[in-house]
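This is structure.pdb (PDB, C-alpha atoms, pLDDT in the B column).
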ATOM      1  CA  MET M  27       8.313 -22.865   3.688  1.00 62.00           C
ATOM      2  CA  ALA M  28       7.765 -22.066  -0.001  1.00 80.00           C
ATOM      3  CA  THR M  29       7.475 -18.380  -0.837  1.00 93.00           C
ATOM      4  CA  LYS M  30       3.859 -17.311  -1.122  1.00 96.00           C
ATOM      5  CA  LYS M  31       2.790 -15.365  -4.173  1.00 97.00           C
ATOM      6  CA  MET M  32       0.161 -12.733  -4.886  1.00 98.00           C
ATOM      7  CA  ALA M  33      -1.005 -11.220  -8.139  1.00 98.00           C
ATOM      8  CA  ILE M  34      -3.161  -8.105  -8.322  1.00 98.00           C
ATOM      9  CA  ILE M  35      -4.925  -6.588 -11.316  1.00 98.00           C
ATOM     10  CA  ALA M  36      -5.258  -2.842 -10.692  1.00 97.00           C
ATOM     11  CA  THR M  37      -7.915  -1.340 -12.943  1.00 97.00           C
ATOM     12  CA  LYS M  38      -8.994   1.848 -11.180  1.00 97.00           C
ATOM     13  CA  GLY M  39      -7.399   5.277 -11.060  1.00 95.00           C
ATOM     14  CA  ALA M  40      -9.449   7.159  -8.471  1.00 95.00           C
ATOM     15  CA  LEU M  41      -7.803   8.117  -5.180  1.00 94.00           C
ATOM     16  CA  ASP M  42      -9.739   5.646  -3.024  1.00 93.00           C
ATOM     17  CA  MET M  43      -9.255   2.774  -5.464  1.00 95.00           C
ATOM     18  CA  ALA M  44      -5.555   3.527  -5.901  1.00 96.00           C
ATOM     19  CA  TYR M  45      -4.760   2.592  -2.302  1.00 97.00           C
ATOM     20  CA  PRO M  46      -5.804  -1.074  -1.948  1.00 97.00           C
ATOM     21  CA  PRO M  47      -3.411  -2.528  -4.560  1.00 98.00           C
ATOM     22  CA  LEU M  48      -0.451  -0.595  -3.140  1.00 97.00           C
ATOM     23  CA  ILE M  49      -1.326  -1.319   0.499  1.00 97.00           C
ATOM     24  CA  LEU M  50      -1.757  -5.043  -0.078  1.00 97.00           C
ATOM     25  CA  ALA M  51       1.300  -5.324  -2.299  1.00 98.00           C
ATOM     26  CA  SER M  52       3.626  -3.484   0.100  1.00 97.00           C
ATOM     27  CA  THR M  53       2.319  -5.513   3.046  1.00 97.00           C
ATOM     28  CA  ALA M  54       2.623  -8.865   1.282  1.00 97.00           C
ATOM     29  CA  ALA M  55       6.158  -7.959   0.205  1.00 96.00           C
ATOM     30  CA  ALA M  56       6.999  -7.118   3.839  1.00 96.00           C
ATOM     31  CA  LEU M  57       5.741 -10.587   4.766  1.00 96.00           C
ATOM     32  CA  GLY M  58       8.175 -12.075   2.279  1.00 95.00           C
ATOM     33  CA  TRP M  59       5.669 -12.759  -0.492  1.00 97.00           C
ATOM     34  CA  GLU M  60       6.522 -12.474  -4.166  1.00 97.00           C
ATOM     35  CA  VAL M  61       4.128  -9.914  -5.634  1.00 97.00           C
ATOM     36  CA  GLN M  62       3.205  -8.662  -9.076  1.00 97.00           C
ATOM     37  CA  ILE M  63       0.694  -5.959  -9.984  1.00 97.00           C
ATOM     38  CA  PHE M  64      -0.732  -5.806 -13.480  1.00 97.00           C
ATOM     39  CA  PHE M  65      -1.916  -2.263 -14.213  1.00 97.00           C
ATOM     40  CA  THR M  66      -4.589  -1.937 -16.862  1.00 97.00           C
ATOM     41  CA  PHE M  67      -7.134   0.643 -18.007  1.00 97.00           C
ATOM     42  CA  TYR M  68      -7.400   3.433 -15.385  1.00 97.00           C
ATOM     43  CA  GLY M  69      -5.009   1.547 -13.122  1.00 97.00           C
ATOM     44  CA  LEU M  70      -2.231   2.819 -15.403  1.00 97.00           C
ATOM     45  CA  GLN M  71      -2.635   6.190 -13.712  1.00 97.00           C
ATOM     46  CA  LEU M  72      -0.835   4.720 -10.691  1.00 97.00           C
ATOM     47  CA  LEU M  73       2.321   4.258 -12.758  1.00 97.00           C
ATOM     48  CA  ARG M  74       2.575   7.864 -13.873  1.00 97.00           C
ATOM     49  CA  LYS M  75       5.554   9.856 -12.656  1.00 96.00           C
ATOM     50  CA  ASP M  76       3.200  12.551 -11.456  1.00 95.00           C
ATOM     51  CA  LEU M  77       0.407  11.241  -9.245  1.00 95.00           C
ATOM     52  CA  SER M  78      -0.982  14.659  -8.363  1.00 93.00           C
ATOM     53  CA  GLY M  79      -3.836  14.249 -10.852  1.00 92.00           C
ATOM     54  CA  ILE M  80      -5.325  11.305  -8.952  1.00 94.00           C
ATOM     55  CA  ALA M  81      -8.608  12.510  -7.521  1.00 94.00           C
ATOM     56  CA  ILE M  82     -11.808  11.495  -5.808  1.00 91.00           C
ATOM     57  CA  SER M  83     -15.228  12.720  -6.840  1.00 88.00           C
ATOM     58  CA  PRO M  84     -18.258  13.229  -4.606  1.00 85.00           C
ATOM     59  CA  LEU M  85     -20.415  12.773  -7.728  1.00 85.00           C
ATOM     60  CA  ALA M  86     -22.188   9.415  -7.955  1.00 83.00           C
ATOM     61  CA  ASN M  87     -20.336   8.491  -4.778  1.00 84.00           C
ATOM     62  CA  PRO M  88     -23.085   8.359  -2.125  1.00 82.00           C
ATOM     63  CA  ALA M  89     -20.876   6.571   0.414  1.00 84.00           C
ATOM     64  CA  MET M  90     -18.340   9.386   0.530  1.00 82.00           C
ATOM     65  CA  PRO M  91     -18.547  11.112   3.899  1.00 79.00           C
ATOM     66  CA  MET M  92     -19.050  14.870   3.470  1.00 76.00           C
ATOM     67  CA  PRO M  93     -18.936  17.437   6.295  1.00 74.00           C
ATOM     68  CA  VAL M  94     -22.385  18.640   5.260  1.00 76.00           C
ATOM     69  CA  PRO M  95     -25.041  16.749   3.287  1.00 79.00           C
ATOM     70  CA  MET M  96     -24.603  17.711  -0.326  1.00 79.00           C
ATOM     71  CA  PRO M  97     -27.249  17.460  -3.030  1.00 82.00           C
ATOM     72  CA  VAL M  98     -26.101  15.862  -6.281  1.00 84.00           C
ATOM     73  CA  ILE M  99     -26.670  19.130  -8.135  1.00 85.00           C
ATOM     74  CA  VAL M 100     -24.026  20.766  -5.914  1.00 84.00           C
ATOM     75  CA  SER M 101     -21.564  17.888  -6.377  1.00 84.00           C
ATOM     76  CA  MET M 102     -21.712  18.614 -10.110  1.00 85.00           C
ATOM     77  CA  LEU M 103     -20.419  22.161  -9.767  1.00 87.00           C
ATOM     78  CA  PRO M 104     -16.960  23.023 -11.095  1.00 89.00           C
ATOM     79  CA  GLY M 105     -14.299  22.733  -8.419  1.00 89.00           C
ATOM     80  CA  MET M 106     -16.173  20.247  -6.258  1.00 88.00           C
ATOM     81  CA  GLU M 107     -13.952  17.347  -7.255  1.00 90.00           C
ATOM     82  CA  ALA M 108     -10.808  19.337  -6.509  1.00 92.00           C
ATOM     83  CA  MET M 109     -12.264  20.358  -3.170  1.00 89.00           C
ATOM     84  CA  ALA M 110     -13.246  16.807  -2.217  1.00 90.00           C
ATOM     85  CA  THR M 111      -9.790  15.576  -3.253  1.00 93.00           C
ATOM     86  CA  SER M 112      -7.882  18.122  -1.237  1.00 92.00           C
ATOM     87  CA  MET M 113     -10.113  17.491   1.796  1.00 91.00           C
ATOM     88  CA  MET M 114      -9.535  13.739   1.520  1.00 92.00           C
ATOM     89  CA  LYS M 115      -5.774  14.150   1.112  1.00 93.00           C
ATOM     90  CA  ALA M 116      -5.605  16.487   4.107  1.00 94.00           C
ATOM     91  CA  LYS M 117      -7.578  14.006   6.209  1.00 92.00           C
ATOM     92  CA  MET M 118      -5.320  11.152   5.161  1.00 93.00           C
ATOM     93  CA  LYS M 119      -2.209  13.118   6.039  1.00 94.00           C
ATOM     94  CA  LYS M 120      -3.620  14.014   9.447  1.00 94.00           C
ATOM     95  CA  LYS M 121      -4.381  10.362  10.176  1.00 94.00           C
ATOM     96  CA  GLY M 122      -0.917   9.170   9.166  1.00 95.00           C
ATOM     97  CA  VAL M 123      -2.001   7.428   5.970  1.00 95.00           C
ATOM     98  CA  ALA M 124       0.890   7.107   3.541  1.00 95.00           C
ATOM     99  CA  SER M 125       0.811   9.035   0.278  1.00 95.00           C
ATOM    100  CA  LEU M 126       0.433   7.014  -2.917  1.00 96.00           C
ATOM    101  CA  GLU M 127       3.966   8.034  -3.886  1.00 96.00           C
ATOM    102  CA  GLU M 128       5.363   6.663  -0.626  1.00 95.00           C
ATOM    103  CA  LEU M 129       3.480   3.359  -0.873  1.00 96.00           C
ATOM    104  CA  ARG M 130       4.517   2.963  -4.459  1.00 97.00           C
ATOM    105  CA  SER M 131       8.180   3.475  -3.706  1.00 96.00           C
ATOM    106  CA  LEU M 132       7.940   1.086  -0.711  1.00 96.00           C
ATOM    107  CA  CYS M 133       6.557  -1.503  -3.150  1.00 97.00           C
ATOM    108  CA  GLN M 134       9.392  -0.931  -5.599  1.00 96.00           C
ATOM    109  CA  GLU M 135      11.989  -1.058  -2.832  1.00 94.00           C
ATOM    110  CA  ALA M 136      10.521  -4.403  -1.752  1.00 94.00           C
ATOM    111  CA  GLU M 137      10.785  -5.690  -5.332  1.00 95.00           C
ATOM    112  CA  VAL M 138       7.087  -5.812  -6.131  1.00 97.00           C
ATOM    113  CA  LYS M 139       6.981  -6.253  -9.895  1.00 97.00           C
ATOM    114  CA  PHE M 140       4.890  -3.673 -11.758  1.00 97.00           C
ATOM    115  CA  ILE M 141       3.570  -4.652 -15.169  1.00 97.00           C
ATOM    116  CA  ALA M 142       1.834  -2.148 -17.429  1.00 97.00           C
ATOM    117  CA  CYS M 143      -0.750  -3.606 -19.789  1.00 96.00           C
ATOM    118  CA  GLN M 144       0.642  -2.908 -23.259  1.00 95.00           C
ATOM    119  CA  MET M 145      -2.774  -2.853 -24.923  1.00 95.00           C
ATOM    120  CA  THR M 146      -4.171  -0.125 -22.673  1.00 96.00           C
ATOM    121  CA  VAL M 147      -0.891   1.824 -22.747  1.00 95.00           C
ATOM    122  CA  ASP M 148      -1.386   2.017 -26.523  1.00 95.00           C
ATOM    123  CA  LEU M 149      -5.130   2.582 -26.239  1.00 96.00           C
ATOM    124  CA  PHE M 150      -4.661   5.713 -24.133  1.00 96.00           C
ATOM    125  CA  ASP M 151      -1.601   6.864 -26.120  1.00 95.00           C
ATOM    126  CA  PHE M 152       0.686   6.812 -23.112  1.00 95.00           C
ATOM    127  CA  GLU M 153       4.423   7.182 -23.692  1.00 94.00           C
ATOM    128  CA  LYS M 154       6.893   5.121 -21.701  1.00 94.00           C
ATOM    129  CA  SER M 155       8.301   8.444 -20.510  1.00 95.00           C
ATOM    130  CA  ASP M 156       4.968   9.146 -18.736  1.00 95.00           C
ATOM    131  CA  PHE M 157       5.674   6.280 -16.363  1.00 97.00           C
ATOM    132  CA  ILE M 158       8.128   5.666 -13.553  1.00 97.00           C
ATOM    133  CA  ASP M 159      11.252   3.597 -14.180  1.00 95.00           C
ATOM    134  CA  GLY M 160      11.552  -0.062 -13.323  1.00 94.00           C
ATOM    135  CA  ILE M 161       8.272  -1.288 -14.768  1.00 96.00           C
ATOM    136  CA  GLU M 162       7.684  -4.008 -17.332  1.00 95.00           C
ATOM    137  CA  TYR M 163       5.233  -4.128 -20.199  1.00 96.00           C
ATOM    138  CA  GLY M 164       3.180  -7.166 -21.066  1.00 95.00           C
ATOM    139  CA  GLY M 165      -0.145  -8.641 -22.004  1.00 94.00           C
ATOM    140  CA  ALA M 166      -2.706 -10.947 -20.472  1.00 93.00           C
ATOM    141  CA  ALA M 167      -0.637 -14.059 -21.166  1.00 93.00           C
ATOM    142  CA  THR M 168       2.323 -12.564 -19.279  1.00 91.00           C
ATOM    143  CA  PHE M 169       0.077 -11.935 -16.301  1.00 92.00           C
ATOM    144  CA  MET M 170      -1.563 -15.372 -16.403  1.00 93.00           C
ATOM    145  CA  LYS M 171       1.807 -17.094 -16.332  1.00 93.00           C
ATOM    146  CA  PHE M 172       2.467 -15.664 -12.884  1.00 95.00           C
ATOM    147  CA  ALA M 173      -1.188 -15.568 -11.747  1.00 95.00           C
ATOM    148  CA  GLY M 174      -1.457 -19.316 -12.303  1.00 95.00           C
ATOM    149  CA  GLU M 175       1.197 -19.941  -9.665  1.00 95.00           C
ATOM    150  CA  THR M 176      -0.158 -17.620  -6.987  1.00 97.00           C
ATOM    151  CA  ASP M 177      -1.783 -18.217  -3.610  1.00 97.00           C
ATOM    152  CA  VAL M 178      -3.801 -14.998  -3.794  1.00 97.00           C
ATOM    153  CA  CYS M 179      -5.049 -13.287  -6.941  1.00 97.00           C
ATOM    154  CA  LEU M 180      -7.117 -10.098  -6.736  1.00 97.00           C
ATOM    155  CA  PHE M 181      -8.961  -7.918  -9.192  1.00 97.00           C
ATOM    156  CA  ILE M 182      -9.222  -4.364  -7.912  1.00 96.00           C
TER     157      ILE M 182
ATOM    158  CA  MET Y   7      13.426  -5.876  28.245  1.00 87.00           C
ATOM    159  CA  ASN Y   8      16.704  -5.237  26.443  1.00 94.00           C
ATOM    160  CA  PHE Y   9      16.647  -4.385  22.776  1.00 96.00           C
ATOM    161  CA  ASP Y  10      19.183  -3.663  20.048  1.00 96.00           C
ATOM    162  CA  LYS Y  11      17.197  -1.192  17.983  1.00 97.00           C
ATOM    163  CA  GLU Y  12      14.014   0.852  18.255  1.00 97.00           C
ATOM    164  CA  PHE Y  13      11.506   1.888  15.595  1.00 97.00           C
ATOM    165  CA  ASP Y  14       8.889   4.482  16.454  1.00 97.00           C
ATOM    166  CA  ALA Y  15       5.825   4.092  14.228  1.00 97.00           C
ATOM    167  CA  SER Y  16       3.722   6.558  16.238  1.00 96.00           C
ATOM    168  CA  GLY Y  17       1.194   8.395  14.089  1.00 95.00           C
ATOM    169  CA  LEU Y  18       1.568   6.013  11.166  1.00 96.00           C
ATOM    170  CA  ALA Y  19      -1.456   4.181   9.760  1.00 95.00           C
ATOM    171  CA  CYS Y  20      -1.728   0.761   8.124  1.00 94.00           C
ATOM    172  CA  PRO Y  21       0.278  -0.596   6.381  1.00 96.00           C
ATOM    173  CA  LEU Y  22       3.243   1.601   7.370  1.00 96.00           C
ATOM    174  CA  PRO Y  23       3.907   0.178  10.881  1.00 96.00           C
ATOM    175  CA  ILE Y  24       4.330  -3.317   9.398  1.00 96.00           C
ATOM    176  CA  VAL Y  25       6.092  -2.351   6.182  1.00 96.00           C
ATOM    177  CA  LYS Y  26       8.547  -0.128   8.052  1.00 96.00           C
ATOM    178  CA  THR Y  27       9.077  -2.684  10.822  1.00 97.00           C
ATOM    179  CA  LYS Y  28      10.176  -5.087   8.116  1.00 96.00           C
ATOM    180  CA  LYS Y  29      12.574  -2.431   6.813  1.00 95.00           C
ATOM    181  CA  ALA Y  30      13.932  -1.823  10.303  1.00 96.00           C
ATOM    182  CA  LEU Y  31      14.627  -5.553  10.686  1.00 97.00           C
ATOM    183  CA  ASN Y  32      16.492  -5.740   7.379  1.00 95.00           C
ATOM    184  CA  ASP Y  33      19.827  -4.492   8.691  1.00 94.00           C
ATOM    185  CA  MET Y  34      19.650  -6.401  11.991  1.00 97.00           C
ATOM    186  CA  LYS Y  35      21.324  -9.709  12.791  1.00 96.00           C
ATOM    187  CA  PRO Y  36      19.430 -12.912  13.635  1.00 97.00           C
ATOM    188  CA  GLY Y  37      18.654 -13.050  17.354  1.00 96.00           C
ATOM    189  CA  GLN Y  38      18.703  -9.269  17.816  1.00 97.00           C
ATOM    190  CA  VAL Y  39      15.646  -7.605  19.329  1.00 97.00           C
ATOM    191  CA  LEU Y  40      13.686  -4.717  17.819  1.00 97.00           C
ATOM    192  CA  ARG Y  41      11.384  -2.579  19.938  1.00 97.00           C
ATOM    193  CA  VAL Y  42       8.485  -1.087  17.980  1.00 97.00           C
ATOM    194  CA  ILE Y  43       6.155   1.620  19.239  1.00 97.00           C
ATOM    195  CA  ALA Y  44       2.872   2.238  17.397  1.00 97.00           C
ATOM    196  CA  THR Y  45      -0.345   4.181  17.878  1.00 96.00           C
ATOM    197  CA  ASP Y  46      -2.380   2.316  15.240  1.00 95.00           C
ATOM    198  CA  PRO Y  47      -4.728  -0.047  17.152  1.00 93.00           C
ATOM    199  CA  GLY Y  48      -4.712  -2.353  14.119  1.00 94.00           C
ATOM    200  CA  SER Y  49      -1.006  -2.952  14.636  1.00 95.00           C
ATOM    201  CA  VAL Y  50      -1.723  -5.286  17.588  1.00 95.00           C
ATOM    202  CA  CYS Y  51      -3.243  -7.979  15.373  1.00 95.00           C
ATOM    203  CA  ASP Y  52      -1.026  -7.087  12.438  1.00 96.00           C
ATOM    204  CA  MET Y  53       2.215  -7.485  14.379  1.00 96.00           C
ATOM    205  CA  GLU Y  54       1.131 -10.956  15.495  1.00 96.00           C
ATOM    206  CA  ALA Y  55       0.293 -11.903  11.904  1.00 95.00           C
ATOM    207  CA  PHE Y  56       3.580 -10.420  10.706  1.00 96.00           C
ATOM    208  CA  ALA Y  57       5.600 -12.455  13.223  1.00 96.00           C
ATOM    209  CA  GLU Y  58       3.716 -15.636  12.425  1.00 95.00           C
ATOM    210  CA  GLN Y  59       4.252 -15.305   8.696  1.00 94.00           C
ATOM    211  CA  THR Y  60       7.867 -14.155   8.730  1.00 95.00           C
ATOM    212  CA  GLY Y  61       9.257 -16.442  11.432  1.00 95.00           C
ATOM    213  CA  ASN Y  62      10.380 -13.518  13.602  1.00 97.00           C
ATOM    214  CA  THR Y  63       9.386 -14.028  17.245  1.00 97.00           C
ATOM    215  CA  LEU Y  64       6.999 -11.610  18.926  1.00 97.00           C
ATOM    216  CA  LEU Y  65       8.479 -11.670  22.434  1.00 97.00           C
ATOM    217  CA  SER Y  66       5.880  -9.314  23.859  1.00 96.00           C
ATOM    218  CA  SER Y  67       2.998  -7.056  22.923  1.00 96.00           C
ATOM    219  CA  SER Y  68       1.704  -4.524  25.434  1.00 96.00           C
ATOM    220  CA  THR Y  69       0.006  -1.166  25.836  1.00 95.00           C
ATOM    221  CA  GLU Y  70       1.682   1.783  27.557  1.00 89.00           C
ATOM    222  CA  ASP Y  71       0.009   5.213  27.699  1.00 87.00           C
ATOM    223  CA  LYS Y  72      -2.193   4.606  24.635  1.00 89.00           C
ATOM    224  CA  LYS Y  73       0.822   3.338  22.750  1.00 96.00           C
ATOM    225  CA  TYR Y  74       1.376  -0.205  21.605  1.00 97.00           C
ATOM    226  CA  VAL Y  75       4.808  -1.615  22.314  1.00 97.00           C
ATOM    227  CA  PHE Y  76       6.200  -4.707  20.646  1.00 97.00           C
ATOM    228  CA  PHE Y  77       9.446  -6.623  21.055  1.00 97.00           C
ATOM    229  CA  LEU Y  78      10.420  -8.659  18.021  1.00 97.00           C
ATOM    230  CA  LYS Y  79      13.326 -11.080  17.864  1.00 97.00           C
ATOM    231  CA  LYS Y  80      14.743 -11.387  14.386  1.00 96.00           C
ATOM    232  CA  ALA Y  81      14.749 -14.905  12.946  1.00 94.00           C
TER     233      ALA Y  81
END
Rewritten as structure tokens:
Amino acid sequence: MATKKMAIIATKGALDMAYPPLILASTAAALGWEVQIFFTFYGLQLLRKDLSGIAISPLANPAMPMPVPMPVIVSMLPGMEAMATSMMKAKMKKKGVASLEELRSLCQEAEVKFIACQMTVDLFDFEKSDFIDGIEYGGAATFMKFAGETDVCLFI
Amino acid sequence: MNFDKEFDASGLACPLPIVKTKKALNDMKPGQVLRVIATDPGSVCDMEAFAEQTGNTLLSSSTEDKKYVFFLKKA
């Protein structure tokens, strides 16, 4: 049986959108798939050494379950994002959901290849020292080379 | 059923039961049996899909006291 392959483009850096690429990549790797994730735009946040800044906002996020109904004007107040983020993280921990750090290191252990988009690294003035070790840097052509051979290719 | 190793995934949510089951199998020999305990209801379907895609054999899948118990034979 030929090894299956999956390529993911991770473009989002909010807490809820940070999970799907790492969950799917770690699972596919556990199934013996060869996996690459191309991190671009806000997805680059997932490669930072320190992930504590990754947050979720109740603002413009009507699907987010809140303990009490919250008018938009309240969601705008200072501190609301931090509150929503810490509530979400506490809930995740209680339900046994892995932290982003844990999922990311499970991916790296399972040899998921992480590629940082060079153009957006430069655009946002990131330094290589901002990111974890063991990642590669490349452009769209680098990604397409692998993406063209995959069984599953996702844009998240 | 006899088993060579046990992995308790109780309290862990998707995808950890599967990802860590794979890790638990890594240092086992072909033919050895791993017993996995999980509380994630999703793990019932996931363990079947894992076995099917990796070639490991799911010898049994059952429920005991709200826990899901799997026996996997390493390929």
Using all atoms listed in the file, what table do you get, as CSV, when you list each residue of chain M with an atom no more than 12 Å from chain Y, its nearest pair of atoms, and their distance in Å rounded to one decimal, rows by chain then rising number?
residue,atom,partner,partner_atom,distance
M:Met27,CA,Y:Gln59,CA,9.9
M:Ala28,CA,Y:Gln59,CA,11.6
M:Thr29,CA,Y:Thr60,CA,10.5
M:Lys30,CA,Y:Gln59,CA,10.0
M:Tyr45,CA,Y:Pro21,CA,10.5
M:Pro46,CA,Y:Pro21,CA,10.3
M:Pro47,CA,Y:Pro21,CA,11.7
M:Leu48,CA,Y:Pro21,CA,9.5
M:Ile49,CA,Y:Pro21,CA,6.1
M:Leu50,CA,Y:Pro21,CA,8.1
M:Ala51,CA,Y:Pro21,CA,9.9
M:Ser52,CA,Y:Val25,CA,6.7
M:Thr53,CA,Y:Val25,CA,5.8
M:Ala54,CA,Y:Val25,CA,8.9
M:Ala55,CA,Y:Val25,CA,8.2
M:Ala56,CA,Y:Val25,CA,5.4
M:Leu57,CA,Y:Thr60,CA,5.7
M:Gly58,CA,Y:Thr60,CA,6.8
M:Trp59,CA,Y:Thr60,CA,9.6
M:Met118,CA,Y:Ala19,CA,9.2
M:Lys119,CA,Y:Leu18,CA,9.5
M:Lys120,CA,Y:Gly17,CA,8.7
M:Lys121,CA,Y:Ala19,CA,6.9
M:Gly122,CA,Y:Leu18,CA,4.5
M:Val123,CA,Y:Ala19,CA,5.0
M:Ala124,CA,Y:Leu22,CA,7.1
M:Ser125,CA,Y:Leu22,CA,10.6
M:Leu126,CA,Y:Leu22,CA,12.0
M:Glu128,CA,Y:Leu22,CA,9.7
M:Leu129,CA,Y:Leu22,CA,8.4
M:Arg130,CA,Y:Leu22,CA,12.0
M:Ser131,CA,Y:Val25,CA,11.7
M:Leu132,CA,Y:Val25,CA,7.9
M:Cys133,CA,Y:Val25,CA,9.4
M:Glu135,CA,Y:Lys29,CA,9.8
M:Ala136,CA,Y:Lys29,CA,9.0
Tell me, as a ChimeraX atom specification, which residues lie within 7 Å of Y:Val39, counting all atoms listed in the file; anything in the same chain fewer than 2 positions away does not count. /Y:9-11,37,41,77-80
Record the distance separating atom CA of Y:Asp33 and atom CA of Y:Glu54, expressed in Å with one decimal.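 Rounded to one decimal, the two atoms are 20.9 Å apart.
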Nearest to Y:Val75: which of Y:Val42, Y:Asn8, Y:Pro36, Y:Ala30 is it, counting all atoms listed in the file? Y:Val42
Going by the chain IDs and residue numbers used in this file, which residues fall under the PyMOL selection byres ((chain Y and resi 66) around 7)? Write them as number ranges by chain. Y: 64-65, 67-68, 76-77
Residues around (7.8, -5.0, -10.7), cut-off 12 Å, counting only C-alpha atoms - what are they as an NGL selection string? :M and (33-34 or 51-52 or 55 or 60-65 or 73 or 130-142 or 158-164 or 169)
Just give me the gap between atom CA of M:Ala81 and atom CA of M:Leu180 in Å, one decimal is fine.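 Between atom CA of M:Ala81 and atom CA of M:Leu180 the gap is 22.7 Å.
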Within 12 Å of M:Asp148 using all atoms listed in the file, minus same-chain residues under 2 positions, as a PDB file with C-alpha atoms, in the coordinates of the input:
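Resulting contents of result-v7.pdb:
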ATOM      1  CA  THR M  66      -4.589  -1.937 -16.862  1.00 97.00           C
ATOM      2  CA  PHE M  67      -7.134   0.643 -18.007  1.00 97.00           C
ATOM      3  CA  LEU M  70      -2.231   2.819 -15.403  1.00 97.00           C
ATOM      4  CA  ALA M 142       1.834  -2.148 -17.429  1.00 97.00           C
ATOM      5  CA  CYS M 143      -0.750  -3.606 -19.789  1.00 96.00           C
ATOM      6  CA  GLN M 144       0.642  -2.908 -23.259  1.00 95.00           C
ATOM      7  CA  MET M 145      -2.774  -2.853 -24.923  1.00 95.00           C
ATOM      8  CA  THR M 146      -4.171  -0.125 -22.673  1.00 96.00           C
ATOM      9  CA  PHE M 150      -4.661   5.713 -24.133  1.00 96.00           C
ATOM     10  CA  ASP M 151      -1.601   6.864 -26.120  1.00 95.00           C
ATOM     11  CA  PHE M 152       0.686   6.812 -23.112  1.00 95.00           C
ATOM     12  CA  GLU M 153       4.423   7.182 -23.692  1.00 94.00           C
ATOM     13  CA  LYS M 154       6.893   5.121 -21.701  1.00 94.00           C
ATOM     14  CA  TYR M 163       5.233  -4.128 -20.199  1.00 96.00           C
ATOM     15  CA  GLY M 164       3.180  -7.166 -21.066  1.00 95.00           C
ATOM     16  CA  GLY M 165      -0.145  -8.641 -22.004  1.00 94.00           C
TER      17      GLY M 165
END
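What separates atom CA of M:Pro84 from atom CA of M:Tyr68 is a distance of 18.2 Å.
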Go through the shown structure with the PyMOL selection byres ((chain M and resi 93) around 12) and write out the matching residues as a PyMOL selection string. chain M and resi 84+90-92+94-96+109-110+113-114+117
Sel. within 12 Å of pt (-20.8, 17.3, -7.0), counting only C-alpha atoms, output as a ChimeraX atom specification: /M:82-88,90,92,95-111
